[in-house]
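Have a look at coords-v4.cif below; it lists mmCIF, C-alpha atoms.
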data_structure
#
loop_
_atom_site.label_atom_id
_atom_site.label_comp_id
_atom_site.auth_asym_id
_atom_site.auth_seq_id
_atom_site.Cartn_x
_atom_site.Cartn_y
_atom_site.Cartn_z
CA MET A 1 23.45 1.59 -14.77
CA THR A 2 20.41 1.63 -17.04
CA SER A 3 18.22 3.01 -14.27
CA LEU A 4 20.74 5.69 -13.33
CA VAL A 5 21.08 6.75 -16.97
CA LEU A 6 17.28 6.95 -17.23
CA ILE A 7 17.14 9.12 -14.10
CA LEU A 8 19.89 11.48 -15.25
CA VAL A 9 18.54 11.81 -18.80
CA GLY A 10 15.03 12.27 -17.40
CA VAL A 11 16.14 15.07 -15.05
CA LEU A 12 18.02 16.78 -17.91
CA ILE A 13 15.11 16.60 -20.37
CA TYR A 14 12.58 17.61 -17.71
CA GLY A 15 14.81 20.56 -16.78
CA ILE A 16 14.89 21.69 -20.42
CA GLY A 17 11.11 21.42 -20.59
CA LEU A 18 10.74 23.38 -17.34
CA TYR A 19 12.96 26.15 -18.70
CA LEU A 20 10.95 26.34 -21.94
CA ASN A 21 7.71 26.39 -19.97
CA MET A 22 9.00 29.31 -17.88
CA GLN A 23 9.95 31.12 -21.08
CA ASP A 24 6.43 30.63 -22.45
CA LYS A 25 4.88 31.93 -19.22
CA ALA A 26 7.13 34.99 -19.31
CA ASP A 27 6.07 35.86 -22.88
CA PRO A 28 2.90 38.03 -22.65
CA THR A 29 1.93 37.25 -26.25
CA TYR A 30 2.40 33.47 -26.13
CA ILE A 31 -1.12 32.54 -24.99
CA GLU A 32 -2.79 35.24 -27.07
CA ASN A 33 -1.09 33.96 -30.21
CA LEU A 34 -2.04 30.35 -29.48
CA VAL A 35 -5.67 31.30 -28.96
CA LYS A 36 -5.73 33.22 -32.25
CA GLU A 37 -4.14 30.31 -34.11
CA ASN A 38 -6.39 27.62 -32.58
CA PRO A 39 -9.63 29.27 -31.38
CA GLN A 40 -11.61 26.02 -31.55
CA GLU A 41 -9.27 24.24 -29.10
CA PHE A 42 -9.66 27.02 -26.55
CA TYR A 43 -13.29 28.03 -27.07
CA GLY A 44 -14.89 24.92 -28.52
CA GLU A 45 -16.01 23.93 -31.98
CA PHE A 46 -19.31 25.80 -32.04
CA GLN A 47 -19.39 29.49 -31.13
CA THR A 48 -22.89 30.95 -31.30
CA ALA A 49 -23.62 34.68 -31.25
CA GLU A 50 -24.87 34.29 -27.67
CA PHE A 51 -21.61 32.60 -26.69
CA GLN A 52 -19.61 35.42 -28.28
CA ASN A 53 -21.59 38.04 -26.36
CA LEU A 54 -21.23 36.24 -23.05
CA ASN A 55 -17.58 35.24 -23.27
CA HIS A 56 -15.86 37.86 -25.38
CA THR A 57 -16.49 40.83 -23.10
CA PRO A 58 -13.32 42.41 -21.63
CA GLU A 59 -14.13 41.01 -18.16
CA ALA A 60 -14.82 37.49 -19.44
CA HIS A 61 -11.71 37.62 -21.64
CA GLU A 62 -9.54 38.56 -18.65
CA LYS A 63 -10.93 35.70 -16.56
CA HIS A 64 -10.35 33.28 -19.41
CA MET A 65 -6.76 34.46 -19.83
CA ASP A 66 -6.14 33.95 -16.10
CA HIS A 67 -7.50 30.44 -16.45
CA LEU A 68 -5.22 29.73 -19.41
CA GLU A 69 -2.19 31.09 -17.55
CA ASN A 70 -2.91 28.66 -14.71
CA GLN A 71 -3.22 25.77 -17.17
CA LEU A 72 0.11 26.64 -18.77
CA ALA A 73 1.73 26.78 -15.31
CA ASN A 74 0.19 23.38 -14.46
CA ARG A 75 1.94 21.50 -17.25
CA PRO A 76 5.19 20.59 -15.39
CA TRP A 77 3.12 19.28 -12.47
CA ALA A 78 0.69 17.34 -14.66
CA ALA A 79 3.56 15.83 -16.69
CA PHE A 80 5.04 14.57 -13.40
CA LEU A 81 1.71 13.35 -11.99
CA VAL A 82 0.90 11.00 -14.90
CA PRO A 83 3.87 8.57 -14.61
CA SER A 84 3.97 8.90 -10.80
CA TYR A 85 0.34 7.86 -10.47
CA LEU A 86 0.87 4.93 -12.87
CA ALA A 87 4.06 3.76 -11.11
CA LEU A 88 2.47 3.88 -7.64
CA GLY A 89 -0.53 1.97 -8.98
CA ILE A 90 1.67 -0.73 -10.53
CA ALA A 91 3.48 -1.22 -7.20
CA GLY A 92 0.28 -1.28 -5.14
CA ALA A 93 -1.48 -3.64 -7.57
CA ALA A 94 1.52 -6.01 -7.42
CA LEU A 95 1.10 -6.29 -3.64
CA PHE A 96 -2.65 -6.71 -4.07
CA PHE A 97 -2.19 -9.43 -6.71
CA LEU A 98 0.32 -11.20 -4.44
CA CYS A 99 -2.14 -11.11 -1.54
CA VAL A 100 -4.86 -12.55 -3.77
CA GLN A 101 -2.52 -15.48 -4.52
CA PHE A 102 -1.98 -16.06 -0.78
CA VAL A 103 -5.67 -15.85 0.11
CA ALA A 104 -6.72 -18.07 -2.81
CA ASN A 105 -4.05 -20.64 -1.83
CA ALA A 106 -2.81 -20.49 -5.41
CA GLY A 107 0.11 -22.76 -6.19
CA TRP A 108 1.15 -21.82 -9.72
CA SER A 109 2.30 -18.29 -8.84
CA MET A 110 4.77 -18.96 -6.02
CA VAL A 111 7.71 -19.07 -8.43
CA VAL A 112 6.98 -15.43 -9.36
CA SER A 113 5.80 -14.27 -5.93
CA ARG A 114 9.13 -12.63 -5.13
CA VAL A 115 8.93 -10.65 -8.35
CA MET A 116 5.61 -9.28 -7.08
CA GLU A 117 7.24 -8.40 -3.75
CA GLY A 118 10.08 -6.67 -5.57
CA ILE A 119 7.67 -4.51 -7.58
CA ALA A 120 5.74 -3.65 -4.40
CA THR A 121 8.97 -2.26 -2.91
CA PHE A 122 8.39 0.90 -4.96
CA ILE A 123 5.29 1.85 -2.94
CA PRO A 124 7.03 4.28 -0.50
CA VAL A 125 8.94 6.03 -3.30
CA GLY A 126 5.87 6.23 -5.52
CA GLY A 127 3.92 7.58 -2.57
CA ILE A 128 6.50 10.32 -2.03
CA LEU A 129 6.31 11.32 -5.71
CA ILE A 130 2.52 11.66 -5.47
CA LEU A 131 2.72 13.54 -2.17
CA ILE A 132 5.07 16.09 -3.77
CA VAL A 133 2.26 16.96 -6.21
CA VAL A 134 -0.38 16.79 -3.47
CA LEU A 135 1.54 19.11 -1.15
CA GLY A 136 2.27 21.46 -4.05
CA ALA A 137 -1.48 21.71 -4.72
CA ALA A 138 -2.41 22.12 -1.04
CA MET A 139 0.15 24.93 -0.64
CA HIS A 140 -1.11 26.58 -3.87
CA GLY A 141 2.14 25.89 -5.68
CA ASN A 142 0.03 24.65 -8.58
CA HIS A 143 -3.59 24.98 -9.73
CA LEU A 144 -4.28 21.38 -10.70
CA TYR A 145 -7.29 21.15 -8.39
CA HIS A 146 -9.33 24.29 -8.95
CA TRP A 147 -11.88 23.31 -6.31
CA MET A 148 -9.24 24.46 -3.79
CA ASP A 149 -10.06 28.07 -4.68
CA THR A 150 -11.84 29.26 -1.51
CA SER A 151 -13.88 31.86 -3.42
CA LEU A 152 -15.88 28.98 -4.94
CA ILE A 153 -17.38 28.04 -1.58
CA ASP A 154 -18.07 31.59 -0.34
CA PRO A 155 -21.84 32.20 -0.68
CA GLU A 156 -21.30 35.95 -0.65
CA GLY A 157 -18.66 35.94 -3.40
CA GLY A 158 -19.13 36.35 -7.12
CA ASN A 159 -17.49 32.98 -7.87
CA TYR A 160 -19.73 30.89 -5.60
CA ASP A 161 -20.24 27.38 -6.98
CA LYS A 162 -23.04 25.54 -5.23
CA TYR A 163 -21.96 22.15 -6.54
CA ILE A 164 -18.36 22.45 -5.33
CA ALA A 165 -19.50 24.02 -2.06
CA THR A 166 -21.71 20.99 -1.40
CA LYS A 167 -18.84 18.60 -2.14
CA ALA A 168 -16.53 20.63 0.12
CA LYS A 169 -18.73 19.90 3.13
CA ILE A 170 -18.55 16.14 2.59
CA TRP A 171 -15.31 15.30 0.80
CA LEU A 172 -13.47 17.90 -1.29
CA ASN A 173 -11.85 20.20 1.23
CA THR A 174 -8.11 20.64 1.46
CA PRO A 175 -7.44 19.48 5.07
CA SER A 176 -9.35 16.18 4.76
CA TRP A 177 -8.05 15.63 1.20
CA LEU A 178 -4.48 16.07 2.42
CA ILE A 179 -4.98 13.77 5.41
CA ARG A 180 -6.53 11.08 3.22
CA SER A 181 -3.62 11.29 0.78
CA PHE A 182 -1.10 10.62 3.55
CA ILE A 183 -3.28 7.79 4.91
CA TYR A 184 -3.36 6.02 1.52
CA VAL A 185 0.43 6.12 1.16
CA ALA A 186 1.03 5.19 4.82
CA LEU A 187 -1.32 2.19 4.75
CA TRP A 188 0.15 0.78 1.54
CA THR A 189 3.69 1.28 2.83
CA ILE A 190 2.97 -0.36 6.20
CA PHE A 191 1.36 -3.41 4.58
CA MET A 192 4.20 -3.72 2.08
CA PHE A 193 6.81 -3.96 4.86
CA TRP A 194 4.49 -6.11 6.98
CA ILE A 195 3.85 -8.70 4.25
CA LYS A 196 7.48 -8.81 3.09
CA LYS A 197 8.56 -9.35 6.71
CA THR A 198 6.05 -12.22 7.07
CA THR A 199 7.14 -13.99 3.85
CA LYS A 200 10.75 -13.77 5.07
CA GLN A 201 9.72 -15.32 8.40
CA LEU A 202 7.94 -18.08 6.48
CA ASP A 203 11.19 -18.92 4.69
CA GLU A 204 13.21 -18.82 7.90
CA SER A 205 10.74 -21.05 9.75
CA ASN A 206 10.57 -23.58 6.89
CA GLY A 207 6.86 -23.06 6.36
CA ASP A 208 5.65 -22.83 9.98
CA ARG A 209 1.84 -23.10 10.04
CA LYS A 210 1.42 -20.20 12.47
CA VAL A 211 3.45 -17.89 10.25
CA PHE A 212 1.51 -19.09 7.20
CA SER A 213 -1.76 -18.34 9.01
CA LYS A 214 -0.42 -14.89 9.92
CA LEU A 215 0.48 -14.26 6.27
CA TYR A 216 -3.03 -15.27 5.20
CA THR A 217 -4.63 -12.87 7.68
CA ARG A 218 -2.44 -9.94 6.65
CA ALA A 219 -3.09 -10.65 2.98
CA VAL A 220 -6.87 -10.56 3.59
CA LEU A 221 -6.50 -7.24 5.42
CA PHE A 222 -4.55 -5.67 2.58
CA ILE A 223 -7.07 -6.83 -0.01
CA VAL A 224 -9.72 -4.95 1.99
CA VAL A 225 -7.46 -1.89 2.39
CA PHE A 226 -6.55 -1.84 -1.31
CA SER A 227 -10.19 -2.23 -2.34
CA LEU A 228 -11.20 0.76 -0.19
CA THR A 229 -8.26 3.07 -0.82
CA THR A 230 -7.93 2.63 -4.59
CA PRO A 231 -11.39 4.10 -5.35
CA ALA A 232 -10.78 6.94 -2.89
CA MET A 233 -7.39 7.68 -4.51
CA ALA A 234 -9.02 7.79 -7.94
CA TRP A 235 -11.67 10.20 -6.66
CA ASP A 236 -9.22 12.41 -4.81
CA TRP A 237 -6.25 12.57 -7.18
CA ILE A 238 -7.82 12.11 -10.62
CA MET A 239 -11.58 12.57 -10.75
CA SER A 240 -11.43 15.75 -8.63
CA LEU A 241 -9.41 17.34 -11.43
CA ASP A 242 -12.87 17.56 -13.07
CA PRO A 243 -14.93 18.33 -9.94
CA HIS A 244 -18.20 18.89 -11.82
CA TRP A 245 -18.01 15.48 -13.48
CA TYR A 246 -18.50 12.10 -11.90
CA SER A 247 -18.72 8.47 -12.90
CA THR A 248 -19.73 5.53 -10.74
CA LEU A 249 -17.43 3.29 -12.83
CA PHE A 250 -14.34 5.46 -12.59
CA MET A 251 -12.83 3.76 -9.53
CA TRP A 252 -13.00 0.25 -11.06
CA TYR A 253 -11.78 1.56 -14.39
CA GLY A 254 -8.64 2.96 -12.72
CA MET A 255 -8.10 -0.13 -10.60
CA VAL A 256 -8.07 -2.43 -13.64
CA SER A 257 -5.56 -0.11 -15.36
CA TYR A 258 -3.33 -0.64 -12.33
CA LEU A 259 -3.79 -4.40 -12.44
CA VAL A 260 -3.11 -4.99 -16.12
CA SER A 261 -0.05 -2.69 -16.04
CA SER A 262 1.22 -4.46 -12.93
CA VAL A 263 0.84 -7.97 -14.39
CA ALA A 264 2.60 -6.77 -17.56
CA THR A 265 5.46 -5.53 -15.37
CA MET A 266 5.62 -8.91 -13.61
CA ALA A 267 5.88 -10.68 -16.97
CA ILE A 268 8.62 -8.32 -18.22
CA ILE A 269 10.75 -8.71 -15.07
CA SER A 270 10.21 -12.49 -14.84
CA ILE A 271 11.25 -13.04 -18.45
CA TYR A 272 14.26 -10.76 -17.97
CA LEU A 273 15.38 -12.62 -14.82
CA LYS A 274 14.86 -15.96 -16.55
CA ARG A 275 17.12 -14.88 -19.41
CA LYS A 276 19.77 -13.72 -16.94
CA GLY A 277 19.65 -17.07 -15.12
CA SER A 278 18.30 -15.58 -11.88
CA LEU A 279 14.84 -17.17 -12.05
CA PRO A 280 15.50 -20.65 -13.52
CA LEU A 281 12.25 -22.18 -12.25
CA PHE A 282 10.13 -19.69 -14.22
CA ASN A 283 8.93 -21.45 -17.36
CA ASP A 284 6.42 -21.00 -20.16
CA ASN A 285 3.62 -22.38 -17.96
CA HIS A 286 3.99 -19.54 -15.46
CA GLN A 287 4.45 -17.12 -18.33
CA HIS A 288 1.27 -18.44 -19.98
CA ASP A 289 -0.75 -17.68 -16.85
CA LEU A 290 0.68 -14.17 -16.48
CA ALA A 291 -0.13 -13.57 -20.16
CA LYS A 292 -3.68 -14.82 -19.56
CA TYR A 293 -4.12 -12.16 -16.89
CA MET A 294 -2.66 -9.53 -19.22
CA PHE A 295 -5.20 -10.57 -21.84
CA GLY A 296 -8.15 -10.88 -19.45
CA PHE A 297 -7.58 -7.62 -17.59
CA SER A 298 -7.17 -5.79 -20.91
CA LEU A 299 -10.62 -6.99 -22.00
CA LEU A 300 -12.06 -6.04 -18.59
CA TRP A 301 -10.53 -2.56 -18.90
CA THR A 302 -12.12 -2.21 -22.35
CA TYR A 303 -15.49 -3.27 -21.01
CA LEU A 304 -15.33 -0.70 -18.21
CA TRP A 305 -14.13 2.06 -20.56
CA PHE A 306 -16.93 1.31 -23.01
CA ALA A 307 -19.58 1.04 -20.28
CA GLN A 308 -18.56 4.42 -18.88
CA PHE A 309 -18.38 6.11 -22.30
CA MET A 310 -21.43 4.56 -23.93
CA LEU A 311 -23.86 5.15 -21.05
CA GLN A 312 -22.84 8.79 -20.63
CA TRP A 313 -22.88 9.40 -24.39
CA TYR A 314 -26.30 7.76 -24.71
CA ALA A 315 -27.81 9.72 -21.80
CA ASN A 316 -26.34 12.97 -23.22
CA ILE A 317 -26.49 14.78 -19.88
CA PRO A 318 -24.38 17.98 -20.15
CA GLU A 319 -22.62 17.49 -16.80
CA GLU A 320 -21.45 14.06 -17.96
CA VAL A 321 -20.70 14.41 -21.66
CA GLN A 322 -18.57 17.55 -21.28
CA TYR A 323 -15.80 15.27 -19.94
CA PHE A 324 -15.67 13.39 -23.24
CA GLN A 325 -16.46 16.41 -25.42
CA GLN A 326 -13.34 18.20 -24.21
CA ARG A 327 -11.11 15.18 -24.77
CA ILE A 328 -12.48 14.47 -28.23
CA ALA A 329 -12.16 18.13 -29.26
CA GLN A 330 -8.70 18.83 -27.85
CA TYR A 331 -7.05 15.39 -27.94
CA GLY A 332 -7.14 14.04 -31.47
CA GLY A 333 -5.71 10.66 -30.44
CA TYR A 334 -8.18 10.03 -27.62
CA PHE A 335 -9.84 6.97 -29.20
CA TRP A 336 -6.57 5.65 -30.63
CA MET A 337 -5.56 4.39 -27.19
CA LEU A 338 -8.16 1.66 -27.73
CA ALA A 339 -6.03 0.34 -30.59
CA VAL A 340 -3.19 -0.21 -28.13
CA ASN A 341 -5.05 -1.26 -25.00
CA PHE A 342 -7.70 -3.40 -26.67
CA LEU A 343 -7.23 -4.28 -30.34
CA ALA A 344 -3.49 -5.04 -30.21
CA VAL A 345 -3.91 -7.21 -27.11
CA LEU A 346 -6.97 -8.97 -28.51
CA LEU A 347 -5.50 -9.73 -31.93
CA ILE A 348 -1.98 -10.65 -30.81
CA MET A 349 -2.50 -12.40 -27.47
CA ILE A 350 -5.70 -14.37 -27.99
CA SER A 351 -3.86 -17.56 -28.95
CA SER A 352 -2.74 -19.88 -26.16
CA SER A 353 0.46 -20.78 -28.01
CA ILE A 354 1.44 -17.13 -28.42
CA LYS A 355 1.25 -16.68 -24.64
CA ARG A 356 4.21 -19.07 -24.41
CA ARG A 357 6.45 -17.00 -26.70
CA SER A 358 8.62 -15.04 -24.28
CA THR A 359 9.80 -12.38 -26.74
CA LEU A 360 6.27 -11.55 -27.82
CA VAL A 361 4.93 -11.44 -24.24
CA PHE A 362 7.93 -9.31 -23.23
CA VAL A 363 7.21 -6.77 -25.98
CA MET A 364 3.45 -6.79 -25.35
CA GLY A 365 4.15 -6.02 -21.70
CA PHE A 366 5.75 -2.72 -22.72
CA VAL A 367 2.92 -2.06 -25.19
CA ILE A 368 0.33 -2.49 -22.42
CA ILE A 369 2.20 -0.23 -19.99
CA ALA A 370 2.59 2.45 -22.69
CA GLY A 371 -1.11 2.16 -23.48
CA HIS A 372 -2.14 2.73 -19.89
CA TYR A 373 0.28 5.63 -19.53
CA TRP A 374 -1.66 7.04 -22.50
CA ASP A 375 -4.93 6.32 -20.68
CA PHE A 376 -3.84 8.19 -17.52
CA TYR A 377 -2.49 10.99 -19.73
CA ASN A 378 -5.98 11.34 -21.22
CA GLN A 379 -7.52 11.39 -17.75
CA ILE A 380 -5.17 13.98 -16.22
CA MET A 381 -3.99 16.37 -18.95
CA PRO A 382 -7.31 17.72 -20.32
CA ALA A 383 -8.50 18.81 -16.87
CA SER A 384 -5.19 20.28 -15.76
CA VAL A 385 -3.59 21.79 -18.89
CA GLY A 386 -6.40 21.77 -21.47
CA ALA A 387 -5.22 22.76 -24.93
CA PHE A 388 -1.60 23.17 -23.75
CA HIS A 389 -1.07 19.41 -23.83
CA ASN A 390 1.87 17.97 -25.69
CA PHE A 391 4.19 14.98 -25.40
CA GLY A 392 7.30 17.11 -25.24
CA PHE A 393 10.34 17.63 -23.04
CA LEU A 394 8.35 17.81 -19.80
CA GLU A 395 6.37 14.63 -20.42
CA ILE A 396 9.31 12.62 -21.79
CA GLY A 397 11.61 13.81 -19.00
CA ALA A 398 9.12 12.98 -16.25
CA LEU A 399 8.42 9.56 -17.78
CA LEU A 400 12.14 8.67 -17.99
CA LEU A 401 12.80 9.99 -14.48
CA VAL A 402 10.00 7.97 -12.87
CA ALA A 403 10.83 4.89 -14.98
CA GLY A 404 14.48 5.11 -13.88
CA LEU A 405 13.49 5.46 -10.22
CA PHE A 406 11.12 2.52 -10.58
CA VAL A 407 13.77 0.24 -12.11
CA PHE A 408 16.39 1.33 -9.57
CA VAL A 409 14.22 0.82 -6.48
CA VAL A 410 12.59 -2.44 -7.67
CA PHE A 411 15.89 -4.10 -8.58
CA GLU A 412 18.32 -2.49 -6.12
CA TYR A 413 16.14 -2.48 -2.99
CA GLY A 414 13.62 -5.13 -3.94
CA ILE A 415 14.56 -8.08 -6.12
CA SER A 416 18.32 -8.10 -5.41
CA LYS A 417 17.63 -8.21 -1.65
CA LEU A 418 15.17 -11.10 -1.85
CA ASN A 419 15.61 -14.86 -2.03
CA LEU A 420 13.84 -15.35 -5.37
CA GLU A 421 12.80 -18.87 -4.43
CA ALA A 422 10.00 -18.79 -1.84
CA LYS A 423 11.05 -22.14 -0.39
CA GLY A 424 9.21 -21.60 2.87
CA HIS A 425 5.82 -21.35 1.22
CA PRO A 426 3.93 -24.67 1.41
CA TYR A 427 2.87 -24.41 -2.26
CA PHE A 428 6.30 -23.63 -3.66
CA HIS A 429 6.85 -27.26 -4.76
CA GLU A 430 3.50 -27.21 -6.55
CA SER A 431 4.63 -24.10 -8.42
CA LYS A 432 7.94 -25.77 -9.36
CA ILE A 433 6.20 -28.68 -11.05
CA TYR A 434 3.23 -26.67 -12.33
CA GLU A 435 2.22 -27.45 -15.89
CA TYR A 436 -0.64 -25.78 -17.72
CA PRO A 437 -2.68 -28.63 -19.27
CA PHE A 438 -3.56 -26.99 -22.61
#

Let me see the file written as structure tokens.
Amino acid sequence: MTSLVLILVGVLIYGIGLYLNMQDKADPTYIENLVKENPQEFYGEFQTAEFQNLNHTPEAHEKHMDHLENQLANRPWAAFLVPSYLALGIAGAALFFLCVQFVANAGWSMVVSRVMEGIATFIPVGGILILIVVLGAAMHGNHLYHWMDTSLIDPEGGNYDKYIATKAKIWLNTPSWLIRSFIYVALWTIFMFWIKKTTKQLDESNGDRKVFSKLYTRAVLFIVVFSLTTPAMAWDWIMSLDPHWYSTLFMWYGMVSYLVSSVATMAIISIYLKRKGSLPLFNDNHQHDLAKYMFGFSLLWTYLWFAQFMLQWYANIPEEVQYFQQRIAQYGGYFWMLAVNFLAVLLIMISSSIKRRSTLVFVMGFVIIAGHYWDFYNQIMPASVGAFHNFGFLEIGALLLVAGLFVFVVFEYGISKLNLEAKGHPYFHESKIYEYPF
């Protein structure tokens, strides 16, 4: 009932936001008035006389207004992309984390392995949500990915962009981008069903060694697939929103956001099931280890964020720093996400004893997920909507809608259909009696 209410409320609020967005687009004075009220957000903080001469001509003004109209039209799509991308990543990272447990022959985690499988059940639905945005972009229903403008790769045209034209030959062209997007979703979906089928066979065969060996092999394969597809997804769906910018750390930075959000989701669901009496074997030892991963991955995310920011800031190369300049200028709370994703986790969860307090870990799980929603918001919104960003009806509606779908699919088609005790796994007994020594 909670998930259905979230879905219905999300659709209603998103619909209101969509209507208001259409009203703004229909008003010919809306953008002009915003630009007059906030010139620095639209033109930058420093406007030299040379800049004025180059960019305030009638022709330049018209091009800029066209650009702003596209950004305003992008907002419903961008608002939907942020939670969809996060939810798909949480589901994929849960399957990846589960496979790591199988390949490492880890014993402690088998009590919560079915929770990981349940979260992974969302992969096909999350993939469909992303593909809606992808197909909308490929069919020019939105302008999220401006490198899709064919005039940018026409050497004879006035809009020719040598940098984007070079990327189009190798990677950023619509047909290959679209094919890759379907491949990512298809591979994750196939492995999700494949691994869930194998764990069920392991239960039914009472831990048959051949089935266990098969599970190990498939887990290794998915680790490889996840490690290759996650960077490519980050390049295709997120980094290509800023096609002139690049970062060699970006793929790992996104992957760790997935992982920490996914482990936080595992902790939330496990604690909830324990309180409802559905996961009686889950205890504070298992919770302690999940909380350790929440803490550790949060510090790793901070390291990667800082390494990416500090090196590009220090080098001060225009093609690199413009990514951060825009976000600092237009998004006043850009650095505040560090207070949520780093400082709060560091100060609250550093103690070993605190990791055993279920209420605190439960709450911190939501804090971490909210913080990484904020992180993806900061990655996606500046490139797609610029100064039109806001956490309003569209963003709240899309977040509630995707959250409701996630809860519904994970519990209705995942956890409730699984035997939550992985009795066929040879290390299940070890997990039952597992006790963290400190």

Between CA of Ala93 in chain A and CA of Glu412 in chain A, measure the distance and give it in Å to one decimal.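 Pair CA of Ala93 in chain A / CA of Glu412 in chain A returns 19.9 Å.
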
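Taken over the shown file, the PyMOL selection byres ((chain A and resi 230-245) around 6) identifies Tyr145, Phe226, Ser227, Leu228, Thr229, Tyr246, Met251, Glu320 and Ala383 of chain A.
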
On this structure, the PyMOL selection byres ((chain A and resi 300) around 12) would catch which residues? List them as a list in words, sorted by chain and number. Trp252, Tyr253, Gly254, Met255, Val256, Ser257, Leu259, Val260, Tyr293, Met294, Phe295, Gly296, Phe297, Ser298, Leu299, Trp301, Thr302, Tyr303, Leu304, Trp305, Phe306, Ala307, Asn341, Phe342, Val345 and Leu346 of chain A

Could you please determine the separation between CA of Met22 in chain A and CA of Ile380 in chain A in Å, to one decimal place? 20.9 Å

In Å, rounded to a single decimal, give me how far CA of Glu395 in chain A is from CA of Ala78 in chain A.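 Taking CA of Ala78 in chain A as the start and CA of Glu395 in chain A as the end point, the length is 8.5 Å.
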
Is it possible to get the axis-aligned box enclosing range 387-404 of chain A (all listed atoms, 8 Å extra per side) as JSON, with centre and edge lengths in Å rounded to one decimal?
{"center_x": 4.6, "center_y": 14.0, "center_z": -19.3, "size_x": 35.7, "size_y": 34.3, "size_z": 28.8}

Using only C-alpha atoms, which residue out of A:Phe282, A:Arg218, A:Val361, A:Ser181 lies closest to Ile132 in chain A?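 The answer is A:Ser181, which sits nearest to Ile132 in chain A.
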
List as JSON, numbers by chain: which residues have an atom within 10 Å of (-0.7, 3.4, -22.9), counting only C-alpha atoms? {"A": [257, 261, 336, 337, 338, 339, 340, 341, 366, 367, 368, 369, 370, 371, 372, 373, 374, 375, 376, 377, 378]}

Which residue is closest to Ser431 in chain A? Choose from A:Trp108, A:Phe393, A:Phe193, A:Tyr30 and count all atoms listed in the file.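 Smallest separation from Ser431 in chain A among the options: A:Trp108.
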
I'd like the contact shell of Gly107 in chain A - 12 Å cut-off, all atoms listed in the file, skipping same-chain residues fewer than 2 positions apart - returned as a PDB file with C-alpha atoms, keeping the file's coordinate frame.
ATOM      1  CA  LEU A  98       0.320 -11.200  -4.440  1.00  0.00           C
ATOM      2  CA  VAL A 100      -4.860 -12.550  -3.770  1.00  0.00           C
ATOM      3  CA  GLN A 101      -2.520 -15.480  -4.520  1.00  0.00           C
ATOM      4  CA  PHE A 102      -1.980 -16.060  -0.780  1.00  0.00           C
ATOM      5  CA  VAL A 103      -5.670 -15.850   0.110  1.00  0.00           C
ATOM      6  CA  ALA A 104      -6.720 -18.070  -2.810  1.00  0.00           C
ATOM      7  CA  ASN A 105      -4.050 -20.640  -1.830  1.00  0.00           C
ATOM      8  CA  SER A 109       2.300 -18.290  -8.840  1.00  0.00           C
ATOM      9  CA  MET A 110       4.770 -18.960  -6.020  1.00  0.00           C
ATOM     10  CA  VAL A 111       7.710 -19.070  -8.430  1.00  0.00           C
ATOM     11  CA  VAL A 112       6.980 -15.430  -9.360  1.00  0.00           C
ATOM     12  CA  SER A 113       5.800 -14.270  -5.930  1.00  0.00           C
ATOM     13  CA  HIS A 286       3.990 -19.540 -15.460  1.00  0.00           C
ATOM     14  CA  ASP A 289      -0.750 -17.680 -16.850  1.00  0.00           C
ATOM     15  CA  ALA A 422      10.000 -18.790  -1.840  1.00  0.00           C
ATOM     16  CA  HIS A 425       5.820 -21.350   1.220  1.00  0.00           C
ATOM     17  CA  PRO A 426       3.930 -24.670   1.410  1.00  0.00           C
ATOM     18  CA  TYR A 427       2.870 -24.410  -2.260  1.00  0.00           C
ATOM     19  CA  PHE A 428       6.300 -23.630  -3.660  1.00  0.00           C
ATOM     20  CA  HIS A 429       6.850 -27.260  -4.760  1.00  0.00           C
ATOM     21  CA  GLU A 430       3.500 -27.210  -6.550  1.00  0.00           C
ATOM     22  CA  SER A 431       4.630 -24.100  -8.420  1.00  0.00           C
ATOM     23  CA  LYS A 432       7.940 -25.770  -9.360  1.00  0.00           C
ATOM     24  CA  ILE A 433       6.200 -28.680 -11.050  1.00  0.00           C
ATOM     25  CA  TYR A 434       3.230 -26.670 -12.330  1.00  0.00           C
ATOM     26  CA  GLU A 435       2.220 -27.450 -15.890  1.00  0.00           C
ATOM     27  CA  TYR A 436      -0.640 -25.780 -17.720  1.00  0.00           C
TER      28      TYR A 436
END

All residues 8 Å or closer to Leu8 in chain A, all atoms listed in the file, same chain fewer than 4 positions away omitted, as a PDB file with C-alpha atoms, in the coordinates of the input:
ATOM      1  CA  LEU A   4      20.740   5.690 -13.330  1.00  0.00           C
ATOM      2  CA  LEU A  12      18.020  16.780 -17.910  1.00  0.00           C
ATOM      3  CA  LEU A 401      12.800   9.990 -14.480  1.00  0.00           C
TER       4      LEU A 401
END

Find the residues near Ala387 in chain A: any atom within 8 Å, counting only C-alpha atoms, skip ones fewer than 5 places away on the same chain, and give them as a ChimeraX atom specification. /A:41-42,330,382

Those same residues - C-alpha atoms - I'd like them written as a JSON list (two decimals), in the coordinates of the input.
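As written to disk, selection-v8.json reads:
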[["chain", "number", "residue", "atom", "x", "y", "z"],
["A", 41, "GLU", "CA", -9.27, 24.24, -29.10],
["A", 42, "PHE", "CA", -9.66, 27.02, -26.55],
["A", 330, "GLN", "CA", -8.70, 18.83, -27.85],
["A", 382, "PRO", "CA", -7.31, 17.72, -20.32]]

Run the PyMOL selection byres ((chain A and resi 84) around 10) on the file and write out the hits as a ChimeraX atom specification. /A:78-83,85-90,125-131,133,398-399,401-403,406

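Each of A:Gln312, A:Gln201, A:Thr189, A:Asn390 was checked against Gly17 in chain A using only C-alpha atoms; the smallest atom-to-atom distance is that of A:Asn390.
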